[in-house]
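Here is the structure we will look at, set down as structure tokens.
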2 protein chains.
Amino acid sequence: MPRAADHEQRRFEIVAGLWQIVAEQGIEGVSLRTVATRAGVSMGRVQHYFGTKDALVVAGIDLLVKRAVIEYDATEGRPPQDRLLHLLLQQIPDTEAGRIGVTVWYAYFAKAMTHAAVRQILAEATRVGVEECTRHIEEADGLYEAEARARAIELLALSDGLTLRVLIGDITAEEAEASIRAHTSRRMTSG
Amino acid sequence: MPRAADHEQRRFEIVAGLWQIVAEQGIEGVSLRTVATRAGVSMGRVQHYFGTKDALVVAGIDLLVKRAVIEYDATEGRPPQDRLLHLLLQQIPDTEAGRIGVTVWYAYFAKAMTHAAVRQILAEATRVGVEECTRHIEEADGLYEAEARARAIELLALSDGLTLRVLIGDITAEEAEASIRAHTSRRMTSG
DNA sequence: CCGATAACGATGCGATCGCATTGAAACCTG
DNA sequence: CAGGTTTCAATGCGATCGCATCGTTATCGG
């Protein structure tokens with residue numbers, strides 16, 4: 001093994017540059033050259049670690065999802081209500097870094113409409129999100145699976161919709177968070 | 001006035017081509033050439049009616065919003081509950097044409113993050129949407145403005161979030177519609 | 001210590017891009 | 001019917017694109 005470099009670290013540095021480009025210029029702004037420049041590396045390096053532009057783009061959403069999973073896993077052991085709130089509130093952009101992250105997330109969501117591999121990754125991520133939320137709702141509210149699942153989907157959808165409105169500047173992050181907290185402490189439906 | 005052509009009609013034909021490209025390949029796929037080819041016209045024509053690519057892209061979201069407004073205006077005179085449901089259900093993709101429309105809509109939503117003019121148009125559209133929903137909720141449920149507005153934002157956010165999940169294939173259009181209908185007939189909060 | 005190989009940086013290529021320019025029909029006005 | 005103007009189609013240009021290729025350097029097993 002000659003000339004060893006930390007693969008994971010190098011790939012992360014480049015993907016971090018990718019995220020910045022996506023947040024600032026959208027996925028349209030991504031090219032091997034712009035990402036390399038933003039990451040402060042040569043274009044040859046980007047090619048070496050990702051091969052094609054497409055693989056680089058896919059790696060961008062893959063790493064973003066993995067990061068979110070790691071953050072969520074760190075809440076293990078906490079009460080179900082806490083973990084549920086983490087899943088519902090994690091994406092609401094309260095910090096600048098958070099705003100970049102969620103902007104990138106929704107950029108990829110649009111990309112998923114026309115890119116099968118990206119769609120696959122996002123679909124899997126949302127599937128896991130629904131399942132985890134369902135588990136916590138079952139445990140916290142004593143609901144059965146079907147009911148808890150319907151509620152999980154509704155809460156996650158509400159969180160998504162409110163996040164979009166925060167991004168466009170229609171409401172503030174605080175208002176979105178308050179709305180979500182209200183809907184999780186009280187019951188969402190009266191029935 | 002020599003060589004009269006129906007401006008509005010010509011512009012619409014081209015924008016229709018633009019929408020198809022956006023739905024199939026995302027905004028990344030938009031170029032003066034691809035749109036011209038898809039619309040079945042020459043590239044010169046596209047340039048003549050829109051000048052620059054940027055103006056063409058902006059016209060794409062502008063026309064999309066205007067179409068939605070026209071459809072909504074057609075519900076005037078119907079009971080507030082009906083008009084509210086129209087606003088909440090309009091974007092849920094039940095037909096193929098509807099799916100294309102809403103795909104384009106969210107493609108532009110991502111674009112809005114990095115494009116001021118697009119963001120402006122979408123922000124205005126959502127602002128009007130919230131106001132109209134608020135009016136109908138006031139009238140239908142007898143709520144005061146502040147409460148009705150909060151509920152309008154929640155219902156619209158729910159609709160957005162469910163739509164995203166339909167687009168990614170997580171739930172069906174029917175499930176999304178059922179969820180929205182349940183939340184509008186019953187009260188969303190118990191308090 | 002020496003080839004084999006990973007890790008690049010540099011460069012070239014054909015394709016495509018947005019846009020400007022040009023010129024020719026087509027049509028209405030006077 | 002002459003002239004001005006709109007409506008395009010065609011083409012050219014410089015920039016940028018993804019990607020392939022080549023050459024170099026550094027490192028480690030044998």
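Within each chain, counting starts at residue 1; across the structure tokens, chains are named A, B, ... in the order shown, with ligands numbered 1 upward in that order.
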What are the closest atom pairs, with distances in Å to one decimal, for all residues of chain A lying within 7 Å of chain B? Consider only C-alpha atoms, order rows by chain and residue number, and present the result as JSON lines.
```
{"residue": "A:Glu24", "atom": "CA", "partner": "B:Thr114", "partner_atom": "CA", "distance": 6.2}
{"residue": "A:Gln25", "atom": "CA", "partner": "B:Thr114", "partner_atom": "CA", "distance": 5.5}
{"residue": "A:Gly26", "atom": "CA", "partner": "B:Thr114", "partner_atom": "CA", "distance": 6.4}
{"residue": "A:Glu28", "atom": "CA", "partner": "B:Glu28", "partner_atom": "CA", "distance": 5.5}
{"residue": "A:Tyr106", "atom": "CA", "partner": "B:Ala110", "partner_atom": "CA", "distance": 6.4}
{"residue": "A:Ala107", "atom": "CA", "partner": "B:Ala110", "partner_atom": "CA", "distance": 5.2}
{"residue": "A:Ala110", "atom": "CA", "partner": "B:Ala107", "partner_atom": "CA", "distance": 5.3}
{"residue": "A:Lys111", "atom": "CA", "partner": "B:Gly26", "partner_atom": "CA", "distance": 6.8}
{"residue": "A:Thr114", "atom": "CA", "partner": "B:Gln25", "partner_atom": "CA", "distance": 5.5}
{"residue": "A:Arg119", "atom": "CA", "partner": "B:Ile168", "partner_atom": "CA", "distance": 7.0}
{"residue": "A:Ala123", "atom": "CA", "partner": "B:Ile168", "partner_atom": "CA", "distance": 6.3}
{"residue": "A:Glu154", "atom": "CA", "partner": "B:Leu158", "partner_atom": "CA", "distance": 6.9}
{"residue": "A:Ala157", "atom": "CA", "partner": "B:Gly161", "partner_atom": "CA", "distance": 3.8}
{"residue": "A:Leu158", "atom": "CA", "partner": "B:Leu158", "partner_atom": "CA", "distance": 4.4}
{"residue": "A:Asp160", "atom": "CA", "partner": "B:Gly161", "partner_atom": "CA", "distance": 5.0}
{"residue": "A:Gly161", "atom": "CA", "partner": "B:Ala157", "partner_atom": "CA", "distance": 3.8}
{"residue": "A:Leu162", "atom": "CA", "partner": "B:Ala157", "partner_atom": "CA", "distance": 5.3}
{"residue": "A:Ile168", "atom": "CA", "partner": "B:Ala123", "partner_atom": "CA", "distance": 6.3}
{"residue": "A:Asp170", "atom": "CA", "partner": "B:Ala123", "partner_atom": "CA", "distance": 6.9}
{"residue": "A:Arg187", "atom": "CA", "partner": "B:Ser190", "partner_atom": "CA", "distance": 6.6}
{"residue": "A:Met188", "atom": "CA", "partner": "B:Thr189", "partner_atom": "CA", "distance": 5.3}
{"residue": "A:Thr189", "atom": "CA", "partner": "B:Met188", "partner_atom": "CA", "distance": 5.3}
{"residue": "A:Ser190", "atom": "CA", "partner": "B:Ser190", "partner_atom": "CA", "distance": 5.2}
```
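Taken over all Cα atoms in order, the superposition of chain A onto chain B returns an RMSD of 0.1 Å.
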| So which residues touch range 139-144 of chain B within 9 Å, counting only C-alpha atoms (C1' of nucleotides), skipping near sequence neighbours fewer than 5 positions away, as a list in words? | Pro79, Pro80, Gln81, Thr134 and Arg149 of chain B
Could you please take those selected residues and save N, CA and C atoms as a compact mmCIF listing (two decimals), in the first residue's frame?
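The resulting file, again10.txt, is shown below:
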```
# COMPACT_ATOMS: atom_id res chain seq x y z
N PRO B 79 -68.94 27.37 -1.35
CA PRO B 79 -68.82 27.52 0.11
C PRO B 79 -67.36 27.51 0.56
N PRO B 80 -67.06 28.19 1.64
CA PRO B 80 -65.68 28.34 2.12
C PRO B 80 -65.00 26.99 2.37
N GLN B 81 -65.73 26.03 2.84
CA GLN B 81 -65.15 24.71 3.08
C GLN B 81 -64.62 24.10 1.77
N THR B 134 -56.90 31.44 5.42
CA THR B 134 -57.31 32.07 6.67
C THR B 134 -58.74 32.60 6.57
N ARG B 149 -55.39 31.96 11.20
CA ARG B 149 -54.13 32.03 10.44
C ARG B 149 -53.17 30.91 10.84
```
Would you give me, as a short mmCIF file (atom, residue, chain, number, x, y, z; two decimals) with N, CA and C atoms (P, O5', C5', C4', C3', O3' and C1' of nucleotides), in the first residue's frame, the residues of chain D that come within 9 Å of chain A, using only C-alpha atoms (C1' of nucleotides)?
```cif
data_model
loop_
_atom_site.label_atom_id
_atom_site.label_comp_id
_atom_site.auth_asym_id
_atom_site.auth_seq_id
_atom_site.Cartn_x
_atom_site.Cartn_y
_atom_site.Cartn_z
P DC D 17 -17.84 25.01 -15.24
"O5'" DC D 17 -18.21 23.62 -15.91
"C5'" DC D 17 -19.55 23.44 -16.39
"C4'" DC D 17 -19.63 22.23 -17.29
"C3'" DC D 17 -18.88 21.01 -16.77
"O3'" DC D 17 -19.73 20.30 -15.89
"C1'" DC D 17 -18.52 21.32 -19.13
P DG D 18 -19.06 19.30 -14.83
"O5'" DG D 18 -18.91 17.96 -15.68
"C5'" DG D 18 -20.04 17.40 -16.33
"C4'" DG D 18 -19.59 16.21 -17.15
"C3'" DG D 18 -18.88 15.10 -16.36
"O3'" DG D 18 -19.27 13.84 -16.88
"C1'" DG D 18 -17.41 16.00 -17.98
P DC D 19 -18.86 12.52 -16.07
"O5'" DC D 19 -17.55 12.08 -16.85
"C5'" DC D 19 -17.56 12.10 -18.27
"C4'" DC D 19 -16.15 11.99 -18.82
"C3'" DC D 19 -15.24 10.99 -18.11
"O3'" DC D 19 -15.02 9.91 -19.01
"C1'" DC D 19 -14.09 12.99 -18.69
P DA D 26 7.95 13.74 -3.43
"O5'" DA D 26 7.26 12.67 -2.47
"C5'" DA D 26 5.86 12.78 -2.21
"C4'" DA D 26 5.31 11.42 -1.84
"C3'" DA D 26 6.13 10.67 -0.78
"O3'" DA D 26 5.26 10.25 0.24
"C1'" DA D 26 5.69 9.26 -2.61
P DT D 27 5.78 10.03 1.72
"O5'" DT D 27 5.56 8.46 1.92
"C5'" DT D 27 4.25 7.93 1.68
"C4'" DT D 27 4.36 6.49 1.25
"C3'" DT D 27 5.20 5.60 2.17
"O3'" DT D 27 4.32 4.67 2.77
"C1'" DT D 27 5.50 5.08 -0.12
P DC D 28 4.65 4.10 4.24
"O5'" DC D 28 4.49 2.54 3.99
"C5'" DC D 28 3.42 2.07 3.18
"C4'" DC D 28 3.85 0.83 2.41
"C3'" DC D 28 4.67 -0.18 3.23
"O3'" DC D 28 4.14 -1.47 3.04
"C1'" DC D 28 5.73 0.28 1.19
P DG D 29 4.33 -2.58 4.19
"O5'" DG D 29 4.48 -3.89 3.29
"C5'" DG D 29 3.48 -4.21 2.32
"C4'" DG D 29 4.12 -4.99 1.17
"C3'" DG D 29 4.83 -6.28 1.59
"O3'" DG D 29 4.63 -7.27 0.60
"C1'" DG D 29 6.37 -4.80 0.56
#
```
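Distance check against chain C using only C-alpha atoms (C1' of nucleotides): of B:Ala5, B:Ala36, B:Ala74, B:Ala146, the minimum falls on B:Ala5.
Interface residues of chain C facing chain A, defined by any atom at most 8 Å away and using only C-alpha atoms (C1' of nucleotides), are DT5, DA6, DA7, DC8 and DG9 of chain C.
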| message | Taking the DSSP secondary structure from the backbone, can you list the residues of range 21-69 of chain A that are helix (DSSP H, G or I), as number ranges by chain? | response | A: 21-25, 27-29, 32-39, 43-50, 53-69
| note | Pairwise distance, CA of Ile100 in chain B with CA of Leu64 in chain B, equals 11.3 Å
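Between CA of His86 in chain A and CA of Thr184 in chain A there is a distance of 11.6 Å.
Computed from the coordinates, the C1' of DA24 in chain C to CA of Thr34 in chain B distance equals 25.0 Å.
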